[in-house]
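Just below is one structure, and these are the notes that go with it.
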Amino acid sequence: METTARTSSKIVVGAVQRCITRSCGAAYGLTDRVYVCSGCGGPLEIEIVPGPAVEPSEIRERWRLRATSSDVKDRSGVWRFRELLPFDPDVVVTLLEGNTPLYDAPRCAEYCGLAAVRLKHQGCNPTGSFKDTGMTVAVTHARLLGAETAVCASTGNTAASLAAYSARAVLQCAILLPFGQISASKLAQSMDYGATICEIDGNFDDCMRLVLELGDDPSIYVANSVNPFRIEGQKTVAFELMEQCGWRAPNHVVVPGGNLGNSSALGKGFNELLALGLIDRLPKLHVIQAEGSAPFARLFADLKSVGSAWDDGLPEGMASESRPRTLATAIKIGAPVSWKKSLRAVLQSGGEVTAVTEQEIADAKAMVGRDGIGCEPASATTIAGIRRLVANSRIRRDESVIAILTGHVLKDPDYVSNYHRGTLSLAGDEREGRAEQKIVGAFRNRPERIAANKPAILERLKSRKR
Ligand code: F0G
């Protein structure tokens with residue numbers, strides 16, 4: 001595999017893994033399995049070295065034509081943008097990820113106090129979450145490096161995705177999950193795809209720590225978003241989204257925040273488009289966390305209170321949340337690994353980081369359902385967050401706003417059912433002195449048992465109209 005030179009593209013001529021810590025900036029080749037900087041421990045990202053300037057219209061046309069091709073690499077919504085990926089092998093591990101819909105959502109718009117809002121549904125990926133766009137690149141990379149086993153820590157979706165792509169690549173796969181804290185549907189997917197499933201007595205952050213320790217073993221390939229190749233795949237969502245917007249950047253793009261890889265990836269994607277002249281401004285990137293798992297939102301509030309800007313340099317550390325709590329289990333994370341990259345992207349774009357309550361997430365999720373779209377709880381933080389940002393005048397009613405829905409509604413059917421039946425609640429935490437929190441859904445829609453005759457059904461329909 002090439003380490004730096006590329007010949008297949010006129011746009012990028014090379015790529016390295018670069019430490020983002022300004023005082024370090026160490027560079028590593030594309031075949032070095034490092035994950036974090038071995039000099040200073042800082043996060044790595046792929047730096048692409050641009051070639052001679054290419055007309056934006058030429059690049060757009062090339063990408064547009066590929067969408068109609070029958071070639072496997074062209075049909076993948078990730079590899080279609082391969083000029084901006086760090087490597088371009090002949091054979092890729094793909095499930096034809098990406099190419100997800102961008103929906104209008106009028107009921108969500110009204111709920112948020114906006115004239116319009118659009119939802120980019122990453123839950124329409126092959127394993128039902130946005131993780132697939134990163135996994136196609138990471139697992140292709142793992143195979144090129146000859147790794148024996150791909151490993152990840154996960155709240156469920158990364159695991160399902162890695163398990164599926166590893167199965168495609170005939171690569172051994174081990175996933176570390178916090179025992180009892182994963183939705184049954186996500187766990188079932190990983191079982192079906194044949195992964196070795198390790199249920200760890202601990203939370204996601206414990207699993208993440210273990211994976212980084214395992215990463216020292218030369219047979220192991222770490223597939224979490226700390227691995228910058230995952231981010232490369234996920235950044236293509238920014239390209240696809242801008243193409244769907246006719247290359248006119250919206251005012252705001254809003255994403256949920258857990259381990260903070262997705263927001264880092266979108267920020268990187270938008271920045272690369274801006275540098276190439278494919279868009280003429282950055283959308284404001286907003287990250288939304290669940291109140292009980294919101295170390296990043298707290299850090300952001302602290303930075304704002306002292307008036308920090310992104311070119312002041314990034315803070316050294318972030319206080320983690322030792323006992324994260326939320327029913328949106330996908331983002332139940334207390335020590336997100338990619339916070340520095342995400343913070344840089346948010347500050348560069350002029351966006352915000354905010355936290356929303358369990359009640360807000362649950363009702364926002366039901367509202368996405370009412371638009372006929374549906375999503376998993378973590379994804380609905382976006383609609384809840386937009387509603388807050390509008391109420392606080394951070395987003396104006398007439399501005400263009402896109403929420404990224406990260407997971408499919410069927411990822412967590414127990415949550416959906418409990419919400420509508422009125423049995424959803426967040427368990428108490430005795431050690432923290434927190435009582436159980438019951439969620440009373442504003443948009444409950446409970447099934448009712450009805451006698452097996454026509455008048456009874458017509459009566460039920462009439463009473464619903466009243
Ligand atoms: N939404 C969903 C549905 C997720 O599964 C995740 C993360 C996020 C949002 C947050 O994205 O971590 O990039 O900030 N899920 C990971 C997992 C942690 O293991 O599946 P992030």
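Just so we're on the same page: first chain in the structure tokens is A, next is B, and so on; residues restart at 1 for each chain, and ligands are numbered from 1 in the order they show up.
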
| request: Pick out the residues sitting within 6 Å of Phe204 of chain A, and hand them over as an MDAnalysis selection string; count only C-alpha atoms, and ignore anything fewer than 2 positions along from it in its own chain. | output: chainID A and resid 178 206:207

What are the closest atom pairs, with distances in Å to one decimal, for all residues of chain A lying within 6 Å of ligand 1? Consider only C-alpha atoms and all ligand atoms, order rows by chain and residue number, and present the result as a tab-separated table.
residue	atom	partner	partner_atom_place_in_ligand_line	distance
A:Ser154	CA	ligand 1	19 (O)	3.1
A:Thr155	CA	ligand 1	19 (O)	3.8
A:Gly156	CA	ligand 1	20 (O)	4.5
A:Asn157	CA	ligand 1	20 (O)	3.5
A:Thr158	CA	ligand 1	20 (O)	3.8
A:Pro256	CA	ligand 1	9 (C)	5.1
A:Gly257	CA	ligand 1	14 (O)	3.9
A:Gly258	CA	ligand 1	14 (O)	3.5
A:Asn259	CA	ligand 1	12 (O)	3.4
A:Leu260	CA	ligand 1	14 (O)	3.2
A:Gly261	CA	ligand 1	13 (O)	3.6
A:Asn262	CA	ligand 1	13 (O)	3.7
A:Ala330	CA	ligand 1	5 (O)	4.4
A:Ile331	CA	ligand 1	10 (C)	5.3
A:Ala378	CA	ligand 1	1 (N)	4.9
A:Ser379	CA	ligand 1	1 (N)	5.2
A:Thr406	CA	ligand 1	3 (C)	4.6
A:Gly407	CA	ligand 1	3 (C)	4.2

Selection above as a file: N, CA, C and O atoms, as a compact mmCIF listing (two decimals), in the first residue's frame:
# COMPACT_ATOMS: atom_id res chain seq x y z
N SER A 154 -18.18 -0.31 22.09
CA SER A 154 -19.37 0.23 21.45
C SER A 154 -20.57 0.32 22.37
O SER A 154 -20.72 -0.48 23.30
N THR A 155 -21.43 1.30 22.07
CA THR A 155 -22.76 1.34 22.71
C THR A 155 -23.76 0.60 21.81
O THR A 155 -24.95 0.72 22.01
N GLY A 156 -23.29 -0.08 20.78
CA GLY A 156 -24.15 -0.95 19.99
C GLY A 156 -24.04 -0.78 18.49
O GLY A 156 -23.94 -1.76 17.76
N ASN A 157 -24.04 0.46 18.01
CA ASN A 157 -24.06 0.66 16.56
C ASN A 157 -22.71 0.43 15.90
O ASN A 157 -22.63 -0.19 14.83
N THR A 158 -21.64 0.92 16.53
CA THR A 158 -20.30 0.68 15.97
C THR A 158 -20.07 -0.83 15.89
O THR A 158 -19.54 -1.35 14.91
N PRO A 256 -25.99 14.74 16.96
CA PRO A 256 -25.86 14.28 18.35
C PRO A 256 -24.38 14.13 18.70
O PRO A 256 -23.57 13.89 17.80
N GLY A 257 -24.04 14.21 19.97
CA GLY A 257 -22.65 14.02 20.39
C GLY A 257 -22.52 12.93 21.42
O GLY A 257 -23.14 12.97 22.48
N GLY A 258 -21.70 11.90 21.11
CA GLY A 258 -21.40 10.82 22.06
C GLY A 258 -19.90 10.78 22.25
O GLY A 258 -19.32 11.52 23.05
N ASN A 259 -19.25 9.93 21.43
CA ASN A 259 -17.78 9.84 21.47
C ASN A 259 -17.15 10.96 20.63
O ASN A 259 -15.95 11.13 20.59
N LEU A 260 -17.98 11.67 19.89
CA LEU A 260 -17.66 12.89 19.14
C LEU A 260 -16.87 12.68 17.85
O LEU A 260 -16.24 13.61 17.34
N GLY A 261 -16.93 11.47 17.32
CA GLY A 261 -16.31 11.20 16.02
C GLY A 261 -17.12 11.80 14.88
O GLY A 261 -16.56 12.37 13.93
N ASN A 262 -18.43 11.71 14.97
CA ASN A 262 -19.28 12.13 13.86
C ASN A 262 -19.18 13.64 13.63
O ASN A 262 -19.04 14.10 12.50
N ALA A 330 -27.09 5.02 22.98
CA ALA A 330 -26.03 5.18 21.97
C ALA A 330 -25.03 6.26 22.38
O ALA A 330 -23.86 6.21 22.02
N ILE A 331 -25.50 7.24 23.15
CA ILE A 331 -24.62 8.37 23.51
C ILE A 331 -24.39 8.43 25.03
O ILE A 331 -24.11 9.48 25.59
N ALA A 378 -31.01 8.65 20.37
CA ALA A 378 -29.85 9.55 20.30
C ALA A 378 -30.00 10.55 19.15
O ALA A 378 -29.63 11.73 19.28
N SER A 379 -30.56 10.10 18.04
CA SER A 379 -30.71 10.97 16.87
C SER A 379 -31.64 12.14 17.15
O SER A 379 -31.49 13.23 16.58
N THR A 406 -28.92 9.79 13.12
CA THR A 406 -27.79 8.87 13.09
C THR A 406 -28.18 7.39 13.09
O THR A 406 -27.38 6.54 12.72
N GLY A 407 -29.41 7.10 13.55
CA GLY A 407 -29.79 5.69 13.64
C GLY A 407 -31.27 5.46 13.33
O GLY A 407 -32.11 6.35 13.49

| message | When you count only C-alpha atoms, which of these residues is closest to Val16 of chain A: A:Ile439, A:Leu212, A:Asp88, A:Val49? | response | A:Val49

| field | Filtered DSSP result for segment 117-313 of chain A, state alpha helix (DSSP H), as number ranges by chain | value | A: 131-145, 157-169, 184-192, 204-214, 228-244, 261-275, 295-305

| task | Just the residues within 9 Å of segment 298-301 of chain A, please, counting only C-alpha atoms, with nothing from its chain fewer than 5 positions along; format it as a PyMOL selection string. | result | chain A and resi 306+318-319+343+352-355

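Among the candidate residues A:Val54, A:Val226, A:Ala297, A:Leu84, the one lying nearest to Ala15 of chain A is A:Leu84, with distances computed using only C-alpha atoms.
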
| task | Skip Ala328 of chain A itself and residues of its chain fewer than 2 positions away, then list as a PyMOL selection string all residues within 9 Å of it, counting only C-alpha atoms. | result | chain A and resi 290+325-326+330-332+358+361-362+376-379+381+415

| Best match for closeness to Ala364 of chain A among A:Tyr193, A:Tyr419, A:Phe229, A:Tyr111, counting only C-alpha atoms |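 Using only C-alpha atoms, Ala364 of chain A sits closest to A:Tyr111.
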
| task | Give me the residues within 6 Å of Ala238 of chain A as an MDAnalysis selection string, counting only C-alpha atoms and dropping any in the same chain fewer than 2 places off. | result | chainID A and resid 235:236 240:241 266 269:270

Give me a file of those residues, with all heavy atoms, as a JSON list (two decimals), in the first residue's frame.
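Listed below is the output, part-v8.json:
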[["chain", "number", "residue", "atom", "x", "y", "z"],
["A", 235, "LYS", "N", -16.58, 11.54, 6.92],
["A", 235, "LYS", "CA", -16.59, 12.93, 6.43],
["A", 235, "LYS", "C", -17.32, 13.04, 5.08],
["A", 235, "LYS", "O", -17.78, 14.11, 4.71],
["A", 235, "LYS", "CB", -15.17, 13.48, 6.30],
["A", 235, "LYS", "CG", -14.44, 13.02, 5.05],
["A", 235, "LYS", "CD", -13.03, 13.57, 4.93],
["A", 235, "LYS", "CE", -12.39, 13.05, 3.64],
["A", 235, "LYS", "NZ", -10.97, 13.35, 3.52],
["A", 236, "THR", "N", -17.43, 11.90, 4.35],
["A", 236, "THR", "CA", -18.06, 11.97, 3.03],
["A", 236, "THR", "C", -19.55, 12.32, 3.13],
["A", 236, "THR", "O", -20.16, 12.72, 2.14],
["A", 236, "THR", "CB", -17.92, 10.64, 2.24],
["A", 236, "THR", "OG1", -18.58, 9.60, 2.97],
["A", 236, "THR", "CG2", -16.47, 10.27, 2.01],
["A", 240, "GLU", "N", -21.83, 14.38, 0.43],
["A", 240, "GLU", "CA", -23.12, 13.94, -0.11],
["A", 240, "GLU", "C", -24.22, 14.95, 0.23],
["A", 240, "GLU", "O", -25.08, 15.27, -0.60],
["A", 240, "GLU", "CB", -23.44, 12.57, 0.49],
["A", 240, "GLU", "CG", -24.70, 11.95, -0.05],
["A", 240, "GLU", "CD", -24.91, 10.57, 0.57],
["A", 240, "GLU", "OE1", -24.10, 9.68, 0.30],
["A", 240, "GLU", "OE2", -25.87, 10.41, 1.34],
["A", 241, "LEU", "N", -24.17, 15.45, 1.46],
["A", 241, "LEU", "CA", -25.18, 16.40, 1.91],
["A", 241, "LEU", "C", -25.13, 17.69, 1.09],
["A", 241, "LEU", "O", -26.16, 18.22, 0.66],
["A", 241, "LEU", "CB", -24.95, 16.69, 3.41],
["A", 241, "LEU", "CG", -25.91, 17.63, 4.10],
["A", 241, "LEU", "CD1", -27.34, 17.11, 4.02],
["A", 241, "LEU", "CD2", -25.51, 17.79, 5.57],
["A", 266, "LEU", "N", -17.82, 15.48, 10.23],
["A", 266, "LEU", "CA", -18.58, 16.45, 9.44],
["A", 266, "LEU", "C", -17.80, 17.76, 9.33],
["A", 266, "LEU", "O", -17.72, 18.37, 8.25],
["A", 266, "LEU", "CB", -19.94, 16.72, 10.09],
["A", 266, "LEU", "CG", -20.98, 15.66, 9.74],
["A", 266, "LEU", "CD1", -22.09, 15.63, 10.77],
["A", 266, "LEU", "CD2", -21.56, 15.91, 8.35],
["A", 269, "GLY", "N", -15.08, 17.35, 6.82],
["A", 269, "GLY", "CA", -15.65, 17.33, 5.47],
["A", 269, "GLY", "C", -15.99, 18.72, 4.99],
["A", 269, "GLY", "O", -15.62, 19.12, 3.86],
["A", 270, "PHE", "N", -16.66, 19.50, 5.80],
["A", 270, "PHE", "CA", -17.04, 20.86, 5.38],
["A", 270, "PHE", "C", -15.79, 21.72, 5.14],
["A", 270, "PHE", "O", -15.73, 22.48, 4.18],
["A", 270, "PHE", "CB", -17.93, 21.53, 6.43],
["A", 270, "PHE", "CG", -19.31, 20.92, 6.52],
["A", 270, "PHE", "CD1", -19.87, 20.58, 7.74],
["A", 270, "PHE", "CD2", -20.05, 20.68, 5.37],
["A", 270, "PHE", "CE1", -21.13, 20.01, 7.82],
["A", 270, "PHE", "CE2", -21.32, 20.11, 5.44],
["A", 270, "PHE", "CZ", -21.86, 19.78, 6.67]]

Wanna dump the segment 170-268 of chain A-segment 389-402 of chain A contacts at 10 Å for me, each residue with its shortest atom pair and the distance in Å to one decimal, counting only C-alpha atoms, ordered by chain and number, as CSV?
residue,atom,partner,partner_atom,distance
A:Leu241,CA,A:Ile402,CA,9.3
A:Ala249,CA,A:Ser400,CA,8.8
A:Pro250,CA,A:Ser400,CA,5.1
A:Asn251,CA,A:Ser400,CA,5.2
A:His252,CA,A:Val401,CA,4.8
A:Val253,CA,A:Ile402,CA,4.9
A:Val254,CA,A:Ile402,CA,6.3
A:Val255,CA,A:Ile402,CA,8.9

Need the shell around segment 134-148 of chain A: protein/DNA/RNA residues with any atom at most 9 Å away, counting only C-alpha atoms. Skip same-chain ones fewer than 3 positions apart. Format as an mmCIF file with N, CA and C atoms, in the first residue's frame?
data_model
loop_
_atom_site.group_PDB
_atom_site.id
_atom_site.type_symbol
_atom_site.label_atom_id
_atom_site.label_comp_id
_atom_site.auth_asym_id
_atom_site.auth_seq_id
_atom_site.Cartn_x
_atom_site.Cartn_y
_atom_site.Cartn_z
ATOM 1 N N MET A 1 0.839 -1.205 0.000
ATOM 2 C CA MET A 1 0.000 0.000 0.000
ATOM 3 C C MET A 1 0.876 1.259 0.000
ATOM 4 N N THR A 31 0.396 3.463 6.708
ATOM 5 C CA THR A 31 0.418 2.066 7.158
ATOM 6 C C THR A 31 0.864 1.942 8.615
ATOM 7 N N ARG A 33 0.305 1.731 12.339
ATOM 8 C CA ARG A 33 -0.883 1.497 13.176
ATOM 9 C C ARG A 33 -0.654 2.189 14.511
ATOM 10 N N VAL A 78 -19.644 6.389 -0.269
ATOM 11 C CA VAL A 78 -18.371 6.821 0.337
ATOM 12 C C VAL A 78 -17.272 6.845 -0.729
ATOM 13 N N TRP A 79 -17.092 5.707 -1.415
ATOM 14 C CA TRP A 79 -15.990 5.595 -2.383
ATOM 15 C C TRP A 79 -16.246 6.425 -3.639
ATOM 16 N N LEU A 85 -10.380 10.777 -0.353
ATOM 17 C CA LEU A 85 -10.033 9.755 0.648
ATOM 18 C C LEU A 85 -8.521 9.524 0.597
ATOM 19 N N PHE A 87 -6.697 6.865 0.526
ATOM 20 C CA PHE A 87 -6.190 5.792 -0.335
ATOM 21 C C PHE A 87 -7.340 5.289 -1.201
ATOM 22 N N PRO A 89 -7.890 1.832 -3.064
ATOM 23 C CA PRO A 89 -7.518 0.488 -3.546
ATOM 24 C C PRO A 89 -8.475 -0.007 -4.629
ATOM 25 N N VAL A 91 -9.876 -2.950 -4.701
ATOM 26 C CA VAL A 91 -10.980 -3.703 -4.097
ATOM 27 C C VAL A 91 -11.280 -3.098 -2.726
ATOM 28 N N VAL A 92 -12.545 -2.793 -2.488
ATOM 29 C CA VAL A 92 -12.915 -2.203 -1.196
ATOM 30 C C VAL A 92 -13.927 -3.123 -0.505
ATOM 31 N N VAL A 93 -13.990 -3.003 0.831
ATOM 32 C CA VAL A 93 -14.992 -3.757 1.592
ATOM 33 C C VAL A 93 -16.207 -2.839 1.726
ATOM 34 N N THR A 94 -17.244 -3.156 1.003
ATOM 35 C CA THR A 94 -18.394 -2.244 0.971
ATOM 36 C C THR A 94 -19.717 -3.003 1.073
ATOM 37 N N LEU A 95 -20.686 -2.359 1.665
ATOM 38 C CA LEU A 95 -22.072 -2.860 1.641
ATOM 39 C C LEU A 95 -22.946 -1.829 0.925
ATOM 40 N N LEU A 96 -22.331 -1.020 0.086
ATOM 41 C CA LEU A 96 -23.017 0.052 -0.642
ATOM 42 C C LEU A 96 -23.649 1.048 0.328
ATOM 43 N N GLU A 97 -22.827 1.510 1.250
ATOM 44 C CA GLU A 97 -23.225 2.472 2.264
ATOM 45 C C GLU A 97 -23.410 3.873 1.668
ATOM 46 N N PHE A 130 -25.144 5.551 10.993
ATOM 47 C CA PHE A 130 -24.118 6.307 10.255
ATOM 48 C C PHE A 130 -22.746 5.654 10.294
ATOM 49 N N LYS A 131 -22.564 4.679 11.184
ATOM 50 C CA LYS A 131 -21.233 4.089 11.359
ATOM 51 C C LYS A 131 -20.717 3.427 10.089
ATOM 52 N N THR A 158 -21.639 0.918 16.529
ATOM 53 C CA THR A 158 -20.305 0.679 15.967
ATOM 54 C C THR A 158 -20.074 -0.827 15.893
ATOM 55 N N SER A 161 -21.983 -2.460 13.055
ATOM 56 C CA SER A 161 -21.378 -2.082 11.787
ATOM 57 C C SER A 161 -20.045 -2.823 11.573
ATOM 58 N N LEU A 162 -19.198 -2.802 12.591
ATOM 59 C CA LEU A 162 -17.905 -3.492 12.446
ATOM 60 C C LEU A 162 -18.123 -4.987 12.223
ATOM 61 N N TYR A 165 -19.166 -5.471 8.489
ATOM 62 C CA TYR A 165 -18.082 -5.243 7.516
ATOM 63 C C TYR A 165 -16.969 -6.277 7.681
ATOM 64 N N SER A 166 -16.729 -6.718 8.920
ATOM 65 C CA SER A 166 -15.711 -7.760 9.129
ATOM 66 C C SER A 166 -16.176 -9.061 8.492
ATOM 67 N N ALA A 169 -15.443 -8.928 4.977
ATOM 68 C CA ALA A 169 -14.001 -8.986 4.690
ATOM 69 C C ALA A 169 -13.388 -10.318 5.116
ATOM 70 N N LEU A 171 -12.820 -11.236 8.174
ATOM 71 C CA LEU A 171 -11.834 -10.777 9.163
ATOM 72 C C LEU A 171 -12.425 -11.100 10.528
ATOM 73 N N GLN A 172 -11.598 -11.601 11.444
ATOM 74 C CA GLN A 172 -12.115 -11.852 12.785
ATOM 75 C C GLN A 172 -12.493 -10.527 13.444
ATOM 76 N N CYS A 173 -13.540 -10.545 14.243
ATOM 77 C CA CYS A 173 -14.005 -9.293 14.834
ATOM 78 C C CYS A 173 -14.390 -9.525 16.287
ATOM 79 N N PRO A 218 0.093 -6.270 17.848
ATOM 80 C CA PRO A 218 0.209 -6.091 16.392
ATOM 81 C C PRO A 218 -0.859 -6.818 15.570
ATOM 82 N N SER A 219 -1.545 -7.801 16.162
ATOM 83 C CA SER A 219 -2.566 -8.527 15.386
ATOM 84 C C SER A 219 -3.891 -7.771 15.356
ATOM 85 N N ILE A 220 -3.990 -6.717 16.185
ATOM 86 C CA ILE A 220 -5.297 -6.084 16.396
ATOM 87 C C ILE A 220 -5.417 -4.752 15.666
ATOM 88 N N TYR A 221 -6.574 -4.554 15.084
ATOM 89 C CA TYR A 221 -6.879 -3.288 14.406
ATOM 90 C C TYR A 221 -8.028 -2.618 15.149
ATOM 91 N N VAL A 222 -7.811 -1.404 15.650
ATOM 92 C CA VAL A 222 -8.837 -0.693 16.420
ATOM 93 C C VAL A 222 -9.759 0.068 15.461
ATOM 94 N N ALA A 223 -11.051 -0.233 15.545
ATOM 95 C CA ALA A 223 -11.990 0.352 14.569
ATOM 96 C C ALA A 223 -12.882 1.432 15.183
ATOM 97 N N ASN A 224 -12.542 1.913 16.363
ATOM 98 C CA ASN A 224 -13.318 3.042 16.912
ATOM 99 C C ASN A 224 -12.938 4.332 16.195
ATOM 100 N N SER A 225 -13.704 5.392 16.450
ATOM 101 C CA SER A 225 -13.480 6.627 15.682
ATOM 102 C C SER A 225 -12.227 7.380 16.125
ATOM 103 N N ASN A 227 -9.588 6.097 15.522
ATOM 104 C CA ASN A 227 -8.841 5.729 14.320
ATOM 105 C C ASN A 227 -9.212 6.722 13.201
ATOM 106 N N PRO A 228 -8.246 7.506 12.713
ATOM 107 C CA PRO A 228 -8.614 8.574 11.776
ATOM 108 C C PRO A 228 -9.158 8.081 10.440
ATOM 109 N N PHE A 229 -8.955 6.806 10.113
ATOM 110 C CA PHE A 229 -9.504 6.286 8.853
ATOM 111 C C PHE A 229 -11.034 6.166 8.915
ATOM 112 N N ARG A 230 -11.562 5.918 10.119
ATOM 113 C CA ARG A 230 -13.026 5.916 10.293
ATOM 114 C C ARG A 230 -13.585 7.302 9.939
ATOM 115 N N ILE A 231 -12.902 8.310 10.444
ATOM 116 C CA ILE A 231 -13.357 9.696 10.243
ATOM 117 C C ILE A 231 -13.358 10.040 8.751
ATOM 118 N N GLU A 232 -12.370 9.503 8.017
ATOM 119 C CA GLU A 232 -12.298 9.782 6.580
ATOM 120 C C GLU A 232 -13.561 9.310 5.864
ATOM 121 N N GLY A 233 -14.035 8.125 6.237
ATOM 122 C CA GLY A 233 -15.268 7.637 5.620
ATOM 123 C C GLY A 233 -16.460 8.489 6.030
ATOM 124 N N GLN A 234 -16.521 8.809 7.309
ATOM 125 C CA GLN A 234 -17.679 9.554 7.817
ATOM 126 C C GLN A 234 -17.733 10.991 7.292
ATOM 127 N N LYS A 235 -16.582 11.539 6.920
ATOM 128 C CA LYS A 235 -16.594 12.931 6.427
ATOM 129 C C LYS A 235 -17.321 13.036 5.081
ATOM 130 N N THR A 236 -17.431 11.901 4.352
ATOM 131 C CA THR A 236 -18.062 11.969 3.026
ATOM 132 C C THR A 236 -19.552 12.320 3.125
#

| message | Among segment 105-289 of chain A, which residues does DSSP mark as strand (DSSP E) when it is run on the backbone? Keep the chain and numbering as in the structure and answer as a PyMOL selection string. | response | chain A and resi 118-121+149-153+172-178+196-200+220-222+252-256+284-289

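The two atoms in question, atom CA of Arg75 of chain A and atom CA of Glu243 of chain A, are spaced 15.2 Å apart.
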